[in-house]
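> Just upload-v6.txt, nothing more (compact mmCIF, C-alpha atoms and all ligand atoms):
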# COMPACT_ATOMS: atom_id res chain seq x y z
CA MET A 16 -0.95 -6.36 -2.56
CA ARG A 17 1.93 -3.99 -3.22
CA LEU A 18 1.63 -1.66 -0.22
CA LEU A 19 3.25 1.73 0.22
CA VAL A 20 3.33 2.54 3.94
CA THR A 21 4.22 6.14 4.77
CA GLY A 22 5.62 6.65 8.28
CA GLY A 23 6.29 2.91 8.53
CA ALA A 24 9.35 3.48 10.75
CA GLY A 25 7.24 5.19 13.44
CA PHE A 26 5.32 3.59 16.30
CA ILE A 27 2.01 2.50 14.72
CA GLY A 28 3.41 2.19 11.20
CA ALA A 29 6.21 -0.18 12.26
CA ASN A 30 3.75 -2.41 14.13
CA PHE A 31 1.56 -2.38 10.99
CA VAL A 32 4.49 -3.34 8.75
CA HIS A 33 5.47 -6.22 11.08
CA GLY A 34 2.00 -7.65 10.54
CA ALA A 35 1.90 -7.02 6.77
CA VAL A 36 5.09 -8.72 5.59
CA GLY A 37 4.80 -12.26 4.35
CA GLU A 38 1.43 -11.67 2.72
CA HIS A 39 2.19 -8.35 1.03
CA ALA A 40 5.07 -6.62 -0.76
CA VAL A 41 5.80 -3.64 1.49
CA THR A 42 7.63 -0.42 0.66
CA VAL A 43 8.09 1.98 3.57
CA LEU A 44 8.52 5.68 2.83
CA ASP A 45 9.78 7.45 5.93
CA ALA A 46 11.86 10.58 6.48
CA LEU A 47 13.41 8.96 9.60
CA THR A 48 12.84 12.09 11.65
CA TYR A 49 13.62 11.99 15.39
CA ALA A 50 10.44 9.85 15.69
CA GLY A 51 11.32 7.24 13.07
CA SER A 52 13.84 4.48 13.48
CA ARG A 53 15.38 1.81 11.25
CA GLU A 54 15.66 -0.37 14.38
CA SER A 55 11.86 -0.52 14.62
CA LEU A 56 11.91 -2.35 11.28
CA ALA A 57 14.89 -4.60 12.12
CA PRO A 58 12.70 -7.72 12.64
CA VAL A 59 11.46 -7.43 9.02
CA ASP A 60 14.57 -5.89 7.43
CA ASP A 61 14.97 -8.55 4.75
CA ASP A 62 11.30 -8.53 3.76
CA ILE A 63 10.68 -4.85 3.02
CA ARG A 64 12.04 -1.98 0.98
CA LEU A 65 12.77 1.09 3.12
CA VAL A 66 13.01 4.38 1.24
CA GLN A 67 14.20 7.34 3.28
CA GLY A 68 12.40 10.44 2.03
CA ASP A 69 9.90 13.20 2.67
CA ILE A 70 6.19 12.70 1.90
CA ALA A 71 6.20 16.29 0.63
CA ASP A 72 8.72 15.36 -2.09
CA ALA A 73 6.27 15.15 -5.02
CA GLU A 74 8.66 13.47 -7.46
CA LEU A 75 9.61 10.70 -5.04
CA VAL A 76 6.05 10.15 -3.79
CA THR A 77 4.63 10.01 -7.33
CA LYS A 78 7.21 7.42 -8.36
CA LEU A 79 6.54 5.19 -5.33
CA VAL A 80 2.75 5.52 -5.57
CA ALA A 81 2.89 4.48 -9.24
CA GLU A 82 4.40 1.15 -8.13
CA ALA A 83 1.74 0.46 -5.44
CA ASP A 84 -1.76 -1.03 -5.30
CA ALA A 85 -2.59 0.80 -2.06
CA VAL A 86 -1.11 3.46 0.20
CA VAL A 87 -1.52 3.41 3.98
CA HIS A 88 -0.63 6.90 5.12
CA PHE A 89 0.68 7.01 8.72
CA ALA A 90 3.44 9.62 8.28
CA ALA A 91 2.88 12.69 10.44
CA GLU A 92 4.35 14.91 13.09
CA THR A 93 2.47 13.54 16.10
CA HIS A 94 3.46 15.04 19.45
CA VAL A 95 1.17 17.76 20.84
CA ASP A 96 3.87 19.29 23.10
CA ASN A 97 6.24 19.64 20.11
CA ALA A 98 3.48 21.28 18.05
CA LEU A 99 2.93 23.83 20.81
CA ALA A 100 6.65 24.65 20.81
CA ASP A 101 7.04 24.79 16.99
CA PRO A 102 4.06 24.20 14.66
CA GLU A 103 5.95 24.59 11.35
CA PRO A 104 6.95 20.91 10.81
CA PHE A 105 3.32 19.93 11.52
CA LEU A 106 2.09 22.16 8.70
CA HIS A 107 4.76 20.84 6.35
CA THR A 108 4.25 17.13 6.96
CA ASN A 109 0.62 16.85 8.01
CA VAL A 110 -0.83 19.32 5.51
CA ILE A 111 1.58 19.69 2.56
CA GLY A 112 2.71 16.06 2.93
CA THR A 113 -0.86 14.75 2.82
CA TYR A 114 -1.65 17.02 -0.13
CA THR A 115 1.37 15.56 -1.95
CA VAL A 116 0.22 11.98 -1.26
CA LEU A 117 -3.29 12.87 -2.47
CA GLU A 118 -2.04 14.32 -5.74
CA ALA A 119 0.02 11.18 -6.38
CA VAL A 120 -2.85 8.74 -5.71
CA ARG A 121 -5.13 10.92 -7.85
CA ARG A 122 -2.68 10.80 -10.74
CA HIS A 123 -2.23 7.03 -10.58
CA GLY A 124 -5.71 5.94 -9.40
CA VAL A 125 -4.29 4.19 -6.34
CA ARG A 126 -6.36 3.30 -3.23
CA LEU A 127 -5.51 5.35 -0.12
CA HIS A 128 -6.19 4.83 3.56
CA HIS A 129 -5.49 7.96 5.60
CA ILE A 130 -4.70 7.53 9.31
CA SER A 131 -6.03 10.24 11.57
CA THR A 132 -6.82 10.95 15.18
CA ASP A 133 -9.77 11.51 17.51
CA GLU A 134 -8.14 14.84 18.49
CA VAL A 135 -9.73 16.45 15.39
CA TYR A 136 -13.03 16.47 17.34
CA GLY A 137 -11.59 18.61 20.16
CA ASP A 138 -12.41 17.50 23.69
CA LEU A 139 -15.39 16.43 25.81
CA ALA A 140 -16.33 17.49 29.33
CA LEU A 141 -15.22 15.14 32.12
CA ASP A 142 -18.70 14.79 33.52
CA GLU A 143 -20.79 14.00 30.43
CA PRO A 144 -21.55 10.62 28.86
CA ALA A 145 -21.11 11.85 25.23
CA ARG A 146 -18.55 10.16 22.96
CA PHE A 147 -17.18 11.08 19.52
CA THR A 148 -19.01 9.66 16.48
CA ALA A 149 -18.56 10.27 12.75
CA ALA A 150 -21.25 12.97 13.09
CA THR A 151 -19.31 14.97 15.72
CA PRO A 152 -18.23 18.34 14.26
CA TYR A 153 -14.50 18.96 13.88
CA ASN A 154 -13.22 21.31 16.61
CA PRO A 155 -9.45 20.84 16.97
CA SER A 156 -7.66 22.55 19.88
CA SER A 157 -3.93 22.32 19.19
CA PRO A 158 -1.54 23.02 16.32
CA TYR A 159 -1.17 19.22 16.00
CA SER A 160 -4.87 18.40 15.84
CA SER A 161 -5.67 21.35 13.57
CA THR A 162 -3.13 20.15 10.99
CA LYS A 163 -4.56 16.60 11.19
CA ALA A 164 -8.05 18.07 10.74
CA ALA A 165 -6.82 20.02 7.71
CA ALA A 166 -5.38 16.81 6.24
CA ASP A 167 -8.69 14.96 6.78
CA MET A 168 -10.54 17.77 5.00
CA LEU A 169 -8.16 17.56 2.04
CA VAL A 170 -8.80 13.80 1.79
CA ARG A 171 -12.58 14.34 1.84
CA ALA A 172 -12.33 17.03 -0.82
CA TRP A 173 -10.12 14.89 -3.07
CA VAL A 174 -12.66 12.05 -2.84
CA ARG A 175 -15.55 14.30 -3.78
CA SER A 176 -13.80 16.50 -6.36
CA TYR A 177 -11.50 14.02 -8.08
CA GLY A 178 -12.97 10.60 -7.25
CA VAL A 179 -9.91 9.55 -5.27
CA ARG A 180 -10.54 6.12 -3.68
CA ALA A 181 -9.82 6.94 -0.06
CA THR A 182 -11.01 6.07 3.44
CA ILE A 183 -10.15 7.83 6.71
CA SER A 184 -9.88 6.48 10.25
CA ASN A 185 -9.76 8.52 13.45
CA CYS A 186 -8.34 6.50 16.32
CA SER A 187 -7.92 7.12 20.04
CA ASN A 188 -4.68 6.92 22.08
CA ASN A 189 -2.49 3.94 21.18
CA TYR A 190 -0.02 2.14 23.41
CA GLY A 191 2.30 -0.82 22.87
CA PRO A 192 5.86 -1.61 21.74
CA TYR A 193 8.03 0.81 19.71
CA GLN A 194 6.25 3.97 20.97
CA HIS A 195 8.59 6.95 21.27
CA VAL A 196 9.64 7.76 24.86
CA GLU A 197 8.29 11.30 24.52
CA LYS A 198 4.72 9.90 24.84
CA PHE A 199 2.96 9.46 28.20
CA ILE A 200 3.09 5.70 28.84
CA PRO A 201 6.63 4.95 27.55
CA ARG A 202 7.94 8.11 29.22
CA GLN A 203 6.77 6.96 32.64
CA ILE A 204 7.97 3.35 32.15
CA THR A 205 11.43 4.51 31.07
CA ASN A 206 11.52 7.11 33.85
CA VAL A 207 11.14 4.29 36.36
CA LEU A 208 13.67 2.13 34.49
CA THR A 209 16.27 4.97 34.55
CA GLY A 210 15.67 5.96 38.18
CA ARG A 211 13.77 9.17 37.36
CA ARG A 212 10.48 10.15 38.98
CA PRO A 213 7.48 9.85 36.59
CA LYS A 214 5.83 13.14 35.59
CA LEU A 215 2.10 13.88 35.59
CA TYR A 216 0.78 17.03 33.90
CA GLY A 217 -1.43 19.05 36.28
CA ALA A 218 -3.76 17.05 38.50
CA GLY A 219 -3.99 14.11 36.07
CA THR A 220 -7.77 14.24 35.73
CA ASN A 221 -7.63 14.37 31.91
CA VAL A 222 -9.09 11.26 30.28
CA ARG A 223 -7.70 9.38 27.29
CA ASP A 224 -9.33 6.39 25.54
CA TRP A 225 -6.58 3.76 25.33
CA ILE A 226 -6.32 1.12 22.60
CA HIS A 227 -3.56 -1.43 22.01
CA VAL A 228 -1.68 -0.69 18.78
CA ASP A 229 -2.49 -4.21 17.46
CA ASP A 230 -6.19 -3.46 17.70
CA HIS A 231 -5.75 -0.15 15.87
CA ASN A 232 -3.91 -1.95 13.09
CA SER A 233 -6.43 -4.79 12.80
CA ALA A 234 -9.12 -2.12 12.30
CA VAL A 235 -6.98 -0.41 9.64
CA TRP A 236 -6.74 -3.72 7.74
CA ARG A 237 -10.47 -4.22 7.94
CA ILE A 238 -11.13 -0.71 6.58
CA LEU A 239 -8.50 -1.05 3.87
CA THR A 240 -10.03 -4.27 2.59
CA ASP A 241 -13.77 -3.84 3.30
CA GLY A 242 -14.30 -0.12 4.01
CA GLN A 243 -16.57 1.99 1.87
CA ILE A 244 -14.76 4.58 -0.24
CA GLY A 245 -15.25 8.13 1.04
CA ARG A 246 -16.17 7.00 4.54
CA THR A 247 -14.69 8.01 7.88
CA TYR A 248 -14.40 5.28 10.54
CA LEU A 249 -13.78 5.91 14.24
CA ILE A 250 -11.53 3.36 15.96
CA GLY A 251 -11.63 2.86 19.73
CA ALA A 252 -11.71 0.04 22.28
CA GLU A 253 -13.80 1.42 25.15
CA GLY A 254 -10.60 2.18 27.08
CA GLU A 255 -11.31 5.46 28.89
CA ARG A 256 -8.99 6.13 31.82
CA ASP A 257 -7.77 9.24 33.58
CA ASN A 258 -4.03 9.96 33.53
CA LEU A 259 -3.66 9.61 37.28
CA SER A 260 -5.01 6.07 37.28
CA VAL A 261 -2.83 5.10 34.29
CA MET A 262 0.18 6.47 36.21
CA ARG A 263 -0.76 4.49 39.32
CA THR A 264 -1.29 1.30 37.30
CA ILE A 265 2.19 1.66 35.75
CA LEU A 266 3.73 2.22 39.19
CA ALA A 267 1.90 -0.78 40.68
CA LEU A 268 2.95 -3.06 37.80
CA MET A 269 6.55 -1.91 38.30
CA ASP A 270 6.42 -2.54 42.09
CA ARG A 271 6.66 1.14 43.00
CA ASP A 272 4.75 3.22 45.53
CA PRO A 273 1.56 4.62 43.86
CA ASP A 274 2.51 8.19 44.92
CA ASP A 275 6.08 7.98 43.69
CA PHE A 276 5.69 10.61 40.91
CA ASP A 277 5.82 14.42 40.45
CA HIS A 278 3.06 16.77 39.36
CA VAL A 279 4.53 19.10 36.71
CA VAL A 280 3.37 22.12 34.70
CA ASP A 281 0.17 21.35 32.79
CA ARG A 282 0.02 21.34 28.97
CA VAL A 283 -1.29 24.63 27.52
CA GLY A 284 -4.88 24.20 26.29
CA HIS A 285 -4.82 20.59 27.57
CA ASP A 286 -7.78 18.65 26.08
CA LEU A 287 -9.88 17.28 28.94
CA ARG A 288 -11.34 14.07 27.63
CA TYR A 289 -11.39 11.95 24.47
CA ALA A 290 -13.85 9.08 24.02
CA ILE A 291 -14.71 7.12 20.88
CA ASP A 292 -17.98 5.39 20.11
CA PRO A 293 -16.72 2.53 17.90
CA SER A 294 -20.13 0.96 17.25
CA GLN A 295 -20.32 1.95 13.57
CA LEU A 296 -17.04 0.17 12.76
CA CYS A 297 -18.04 -2.89 14.82
CA ASP A 298 -21.54 -3.11 13.34
CA GLU A 299 -20.69 -2.38 9.70
CA LEU A 300 -17.37 -4.14 9.28
CA GLY A 301 -17.62 -6.74 12.05
CA TRP A 302 -14.38 -5.51 13.71
CA LYS A 303 -13.71 -6.27 17.37
CA PRO A 304 -10.75 -5.22 19.53
CA ARG A 305 -8.99 -8.22 21.08
CA ARG A 306 -6.43 -6.74 23.48
CA THR A 307 -8.93 -5.07 25.80
CA ASP A 308 -7.38 -6.18 29.11
CA PHE A 309 -5.50 -2.92 29.86
CA GLN A 310 -3.46 -4.31 32.78
CA GLU A 311 -2.33 -7.24 30.64
CA GLY A 312 -1.47 -4.96 27.68
CA LEU A 313 0.38 -2.53 29.91
CA SER A 314 2.27 -5.31 31.62
CA ALA A 315 3.40 -6.72 28.22
CA THR A 316 4.40 -3.18 27.17
CA ILE A 317 6.46 -2.71 30.36
CA ASP A 318 8.19 -6.05 29.63
CA TRP A 319 8.94 -4.90 26.09
CA TYR A 320 10.63 -1.68 27.34
CA ARG A 321 12.55 -3.68 29.96
CA ASP A 322 13.84 -6.01 27.25
CA SER A 323 14.46 -3.33 24.59
CA GLU A 324 16.72 -0.84 26.33
CA SER A 325 19.02 -0.58 23.30
CA TRP A 326 16.02 0.69 21.27
CA TRP A 327 14.97 3.52 23.62
CA ARG A 328 18.11 4.39 25.64
CA PRO A 329 19.69 6.58 22.90
CA LEU A 330 16.51 8.75 22.80
CA LYS A 331 15.94 9.19 26.50
CA GLU A 332 18.46 11.86 27.59
CA GLN A 333 17.50 14.28 24.79
CA VAL A 334 13.76 13.84 25.44
CA GLU A 335 14.13 14.47 29.17
CA SER A 336 16.35 17.52 28.73
CA THR A 337 13.73 19.03 26.36
CA TYR A 338 10.99 18.32 28.93
CA GLN A 339 13.14 19.82 31.68
CA MET A 340 13.53 23.06 29.71
CA ARG A 341 9.72 23.22 29.43
CA GLY A 342 9.30 22.59 33.16
CA GLN A 343 7.70 19.21 32.47
P1 LIG A 401 5.22 8.53 15.25
O1 LIG A 401 5.57 9.93 15.58
O2 LIG A 401 5.69 7.44 16.12
O3 LIG A 401 5.75 8.19 13.77
C1 LIG A 401 5.61 9.08 12.69
C2 LIG A 401 6.49 8.58 11.57
O4 LIG A 401 6.33 9.49 10.44
C3 LIG A 401 7.99 8.57 11.92
O5 LIG A 401 8.57 7.36 11.48
C4 LIG A 401 8.56 9.76 11.15
O6 LIG A 401 9.92 9.58 10.76
C5 LIG A 401 7.63 9.79 9.93
N1 LIG A 401 7.58 11.12 9.30
C6 LIG A 401 7.42 12.32 9.92
N2 LIG A 401 7.48 13.31 9.00
C7 LIG A 401 7.66 12.72 7.78
C8 LIG A 401 7.78 13.21 6.46
N3 LIG A 401 7.72 14.53 6.18
N4 LIG A 401 7.95 12.33 5.45
C9 LIG A 401 8.02 11.00 5.72
N5 LIG A 401 7.92 10.48 6.96
C10 LIG A 401 7.74 11.33 7.98
O7 LIG A 401 3.64 8.49 15.06
P2 LIG A 401 2.56 7.38 15.45
O8 LIG A 401 2.18 7.55 16.85
O9 LIG A 401 3.02 6.06 14.93
O10 LIG A 401 1.32 7.91 14.57
C11 LIG A 401 1.13 7.45 13.23
C12 LIG A 401 -0.14 8.06 12.68
O11 LIG A 401 -1.24 7.70 13.50
C13 LIG A 401 -0.13 9.59 12.64
O12 LIG A 401 -0.78 10.00 11.47
C14 LIG A 401 -0.95 10.00 13.87
O13 LIG A 401 -1.56 11.25 13.68
C15 LIG A 401 -1.95 8.87 13.93
N6 LIG A 401 -2.50 8.56 15.27
C16 LIG A 401 -1.67 8.30 16.32
C17 LIG A 401 -2.21 7.92 17.54
C18 LIG A 401 -1.35 7.60 18.75
O14 LIG A 401 -1.88 7.41 19.84
N7 LIG A 401 -0.05 7.49 18.61
C19 LIG A 401 -3.61 7.82 17.67
C20 LIG A 401 -4.42 8.11 16.59
C21 LIG A 401 -3.84 8.46 15.37
O1 LIG A 402 -5.81 10.73 20.84
C1 LIG A 402 -4.91 10.35 19.84
C2 LIG A 402 -3.61 11.10 20.03
O2 LIG A 402 -2.98 10.53 21.19
C3 LIG A 402 -2.68 11.04 18.83
O3 LIG A 402 -3.28 11.68 17.74
C4 LIG A 402 -1.34 11.71 19.13
O4 LIG A 402 -0.46 11.59 18.05
C5 LIG A 402 -0.75 11.03 20.36
O5 LIG A 402 0.48 11.66 20.72
C6 LIG A 402 -1.73 11.08 21.54
O6 LIG A 402 -1.90 12.46 22.00
P1 LIG A 402 -1.94 12.83 23.55
O7 LIG A 402 -1.57 14.23 23.68
O8 LIG A 402 -3.21 12.36 24.17
O9 LIG A 402 -0.78 11.82 24.07
P2 LIG A 402 0.47 12.02 25.08
O10 LIG A 402 1.09 10.68 25.21
O11 LIG A 402 1.33 13.16 24.72
O12 LIG A 402 -0.27 12.37 26.45
C7 LIG A 402 -1.31 11.56 26.98
C8 LIG A 402 -1.86 12.26 28.22
O13 LIG A 402 -0.86 12.24 29.26
C9 LIG A 402 -2.18 13.73 28.00
O14 LIG A 402 -3.34 14.06 28.73
C10 LIG A 402 -0.97 14.48 28.55
C11 LIG A 402 -0.50 13.57 29.66
N1 LIG A 402 0.96 13.53 29.94
C12 LIG A 402 1.81 13.38 28.91
C13 LIG A 402 3.17 13.27 29.14
C14 LIG A 402 4.16 13.11 27.98
C15 LIG A 402 1.41 13.57 31.27
O15 LIG A 402 0.62 13.69 32.22
N2 LIG A 402 2.76 13.43 31.50
C16 LIG A 402 3.66 13.30 30.48
O16 LIG A 402 4.87 13.19 30.77
Write out the structure in this file as structure tokens.

Amino acid sequence: MRLLVTGGAGFIGANFVHGAVGEHAVTVLDALTYAGSRESLAPVDDDIRLVQGDIADAELVTKLVAEADAVVHFAAETHVDNALADPEPFLHTNVIGTYTVLEAVRRHGVRLHHISTDEVYGDLALDEPARFTAATPYNPSSPYSSTKAAADMLVRAWVRSYGVRATISNCSNNYGPYQHVEKFIPRQITNVLTGRRPKLYGAGTNVRDWIHVDDHNSAVWRILTDGQIGRTYLIGAEGERDNLSVMRTILALMDRDPDDFDHVVDRVGHDLRYAIDPSQLCDELGWKPRRTDFQEGLSATIDWYRDSESWWRPLKEQVESTYQMRGQ
């Protein structure tokens, strides 16, 4: 397949591209914002075409889509704390950018897989057994999740109104190599590695449903090849954990005292709990997550950050000074 991967220089997109080369001709379209990096694609540099550009640039997107058999659309503004501070780039990329991609695939009849998030469903109470399913109503809480929800709605409407051949997936929290140090797990690992104290928002009771990035991407492949057009698939790996226990696991794996961290100002409107019921994807498409041993996955991720200081070190000071200004 000739694949156009938007956001392929970001965390999940880069891991996806690493797995796609060899079998497929890959073009990456990425604006290389603060979150994207050429270095994340260095291992596959000779095997891909990297085009630096904005997914809201209709002329560029239309030209690249015309040359593709399928588009996997990862590009987005993704960090909740940044959205709270300044929502505008989230509207531009997540809404106008997705609209631009949709118009291009409509024009050229190209297959689209749209990557989305479980945050579109809002949050769950801490003390209830319920999990998100494809039938859960959308109820986004933040400027980030509301723009992702808007993008999902555009995709659904373009399928119904124009017959666009698209699928959507909503995945839970990813972790693994090449994740930006602004995000929870890499932030704490690199805090320890740089002699800073890790930072926990509020009491740390909020629950996230962790999945290794390789499992997210294997599900994306399965949906891209076998998914039913127009359908939404939820991706998760039964990985619910509260933030405090993730923090303590990181500290234990890095031989630190389990209380060696600071509680900092909580996130405004902080979603309490996310949890995905992945049974539909498993039953219908026969997908199974493989990297479900969280300690093992976290330990490999810590090793990756230890060995890849040149990748994250240039980002760290700026990220921490922004957090410091926000009291986090
Ligand atoms: P990321 O922030 O690491 O990467 C985003 C990439 O998109 C970057 O390379 C950036 O340069 C690029 N980009 C941003 N604006 C662009 C624009 N206007 N034009 C072209 N490229 C642009 O994000 P990620 O964590 O890899 O997330 C990828 C996708 O997966 C997003 O759609 C996100 O909503 C979704 N998602 C993420 C998670 C998670 O836990 N990280 C979970 C579920 C879904
Ligand atoms: O659920 C999927 C979503 O997961 C994706 O759609 C988003 O793009 C991705 O960023 C992620 O969103 P979260 O807000 O859950 O991830 P983040 O890594 O920012 O935070 C995870 C949890 O850890 C959250 O409850 C806030 C908390 N946290 C975060 C940071 C950065 C801390 O306690 N300390 C921190 O320093």
> Measure the distance from CA of Val87 in chain A to atom O9 of ligand LIG 401 (chain A) in Å and round it to one decimal.
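Interatomic distance, CA of Val87 in chain A to atom O9 of ligand LIG 401 (chain A): 12.1 Å.
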> What do you get as a PyMOL selection string if you pick all residues at most 7 Å from ligand LIG 401 (chain A), counting only C-alpha atoms and all ligand atoms?
chain A and resi 21-28+44-52+68-71+89-94+107-108+112+130-133+163+185-190+194-195
> Any chance you could tabulate, as a Markdown table, the residues of chain A at most 7 Å from ligand LIG 402 (chain A) with each one's nearest atom pair and distance in Å to one decimal, using all atoms listed in the file, in chain and rising number order?

| residue | atom | partner | partner_atom | distance |
| --- | --- | --- | --- | --- |
| A:Thr93 | CA | A:LIG402 | O4 | 4.0 |
| A:His94 | CA | A:LIG402 | O5 | 4.7 |
| A:Val95 | CA | A:LIG402 | O7 | 5.3 |
| A:Asp96 | CA | A:LIG402 | O11 | 6.8 |
| A:Ser131 | CA | A:LIG402 | O3 | 6.9 |
| A:Thr132 | CA | A:LIG402 | O3 | 4.4 |
| A:Asp133 | CA | A:LIG402 | O1 | 5.2 |
| A:Glu134 | CA | A:LIG402 | O1 | 5.3 |
| A:Cys186 | CA | A:LIG402 | C1 | 6.2 |
| A:Ser187 | CA | A:LIG402 | O1 | 4.3 |
| A:Asn188 | CA | A:LIG402 | O2 | 4.1 |
| A:Asn189 | CA | A:LIG402 | O2 | 6.6 |
| A:Glu197 | CA | A:LIG402 | C14 | 5.7 |
| A:Lys198 | CA | A:LIG402 | O10 | 3.7 |
| A:Phe199 | CA | A:LIG402 | O10 | 3.7 |
| A:Ile200 | CA | A:LIG402 | O10 | 6.5 |
| A:Arg202 | CA | A:LIG402 | O16 | 6.1 |
| A:Gln203 | CA | A:LIG402 | O16 | 6.8 |
| A:Lys214 | CA | A:LIG402 | O16 | 4.9 |
| A:Leu215 | CA | A:LIG402 | O15 | 3.7 |
| A:Tyr216 | CA | A:LIG402 | O15 | 3.7 |
| A:Gly219 | CA | A:LIG402 | O15 | 6.0 |
| A:Asn221 | CA | A:LIG402 | O14 | 5.3 |
| A:Val222 | CA | A:LIG402 | O14 | 6.6 |
| A:Arg223 | CA | A:LIG402 | O8 | 6.2 |
| A:Asn258 | CA | A:LIG402 | O13 | 5.8 |
| A:Arg282 | CA | A:LIG402 | C10 | 6.9 |
| A:His285 | CA | A:LIG402 | O14 | 6.8 |
| A:Asp286 | CA | A:LIG402 | O14 | 6.9 |
| A:Tyr289 | CA | A:LIG402 | O1 | 6.8 |
| A:Gln343 | CA | A:LIG402 | O16 | 6.9 |
> Here's a test: counting only C-alpha atoms, identify every protein, DNA and RNA residue with an atom at most 12 Å from (-2.1, 10.2, -13.0) in the file's coordinate frame, and state them as a PyMOL selection string.
chain A and resi 77-78+80-81+117-125+177+179
> So the first atom is CA of Ala73 in chain A and the second is CA of Ala164 in chain A; what is the distance between them in Å, to one decimal place?
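For CA of Ala73 in chain A relative to CA of Ala164 in chain A, the distance reads 21.5 Å.
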> Please measure the separation of CA of Tyr248 in chain A and CA of Glu103 in chain A, giving the value in Å to one decimal.
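Going from CA of Tyr248 in chain A over to CA of Glu103 in chain A, I get 28.1 Å.
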> Identify which of the residues A:Val116, A:Leu208, A:Leu249, A:Leu300 lies closest to Trp173 in chain A, counting all atoms listed in the file when measuring atom-to-atom distances.
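The answer is A:Val116, which sits nearest to Trp173 in chain A.
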> Under the rule that all atoms listed in the file are counted, which of A:Val110, A:Thr115, A:Ala140, A:Gly217 is the nearest residue to Asp167 in chain A?
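Smallest distance to Asp167 in chain A is found for A:Val110.
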> Skipping near chain neighbours, those fewer than 3 positions away, what residues fall within 7 Å of Pro158 in chain A using only C-alpha atoms, listed as a short mmCIF file (atom, residue, chain, number, x, y, z; two decimals) with C-alpha atoms, in the coordinates of the input?

data_model
loop_
_atom_site.label_atom_id
_atom_site.label_comp_id
_atom_site.auth_asym_id
_atom_site.auth_seq_id
_atom_site.Cartn_x
_atom_site.Cartn_y
_atom_site.Cartn_z
CA ALA A 98 3.48 21.28 18.05
CA LEU A 99 2.93 23.83 20.81
CA PRO A 102 4.06 24.20 14.66
CA SER A 161 -5.67 21.35 13.57
CA THR A 162 -3.13 20.15 10.99
#
> Tell me, as a PyMOL selection string, which residues lie within 9 Å of Trp327 in chain A, counting all atoms listed in the file; anything in the same chain fewer than 6 positions away does not count.
chain A and resi 193+195-196+205+320
> Point out the residue among A:Trp225, A:Gln333, A:Tyr114, A:Ala165 with the least atom-to-atom distance to Gln310 in chain A, counting all atoms listed in the file.
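Ranking A:Trp225, A:Gln333, A:Tyr114, A:Ala165 by distance to Gln310 in chain A, first place goes to A:Trp225.
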> Out of A:Thr264, A:Thr209, A:Ser184, A:Ser323, which residue has the shortest atom-to-atom distance to Gln243 in chain A when counting only C-alpha atoms?
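Closest to Gln243 in chain A of all the choices is A:Ser184.
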> Calculated over all atoms listed in the file, which of the candidates A:His33, A:Arg175, A:Arg246, A:His39 has the smallest distance to His129 in chain A?
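Selected residue with least distance to His129 in chain A: A:Arg246.
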> At a cut-off of 8 Å around the point (4.8, -4.3, -6.8) (file coordinates), what residues fall inside when counting all atoms listed in the file? I'd like the answer as a short mmCIF file (atom, residue, chain, number, x, y, z; two decimals) with C-alpha atoms, in the frame of the given file.

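out08.cif, freshly written:
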data_model
loop_
_atom_site.label_atom_id
_atom_site.label_comp_id
_atom_site.auth_asym_id
_atom_site.auth_seq_id
_atom_site.Cartn_x
_atom_site.Cartn_y
_atom_site.Cartn_z
CA MET A 16 -0.95 -6.36 -2.56
CA ARG A 17 1.93 -3.99 -3.22
CA LEU A 18 1.63 -1.66 -0.22
CA ALA A 40 5.07 -6.62 -0.76
CA GLU A 82 4.40 1.15 -8.13
CA ALA A 83 1.74 0.46 -5.44
CA ASP A 84 -1.76 -1.03 -5.30
#
> Taking only C-alpha atoms into account, name the residue in A:Ile204, A:Gly342, A:Ser294, A:Ile183 that is nearest to Gly245 in chain A.
A:Ile183
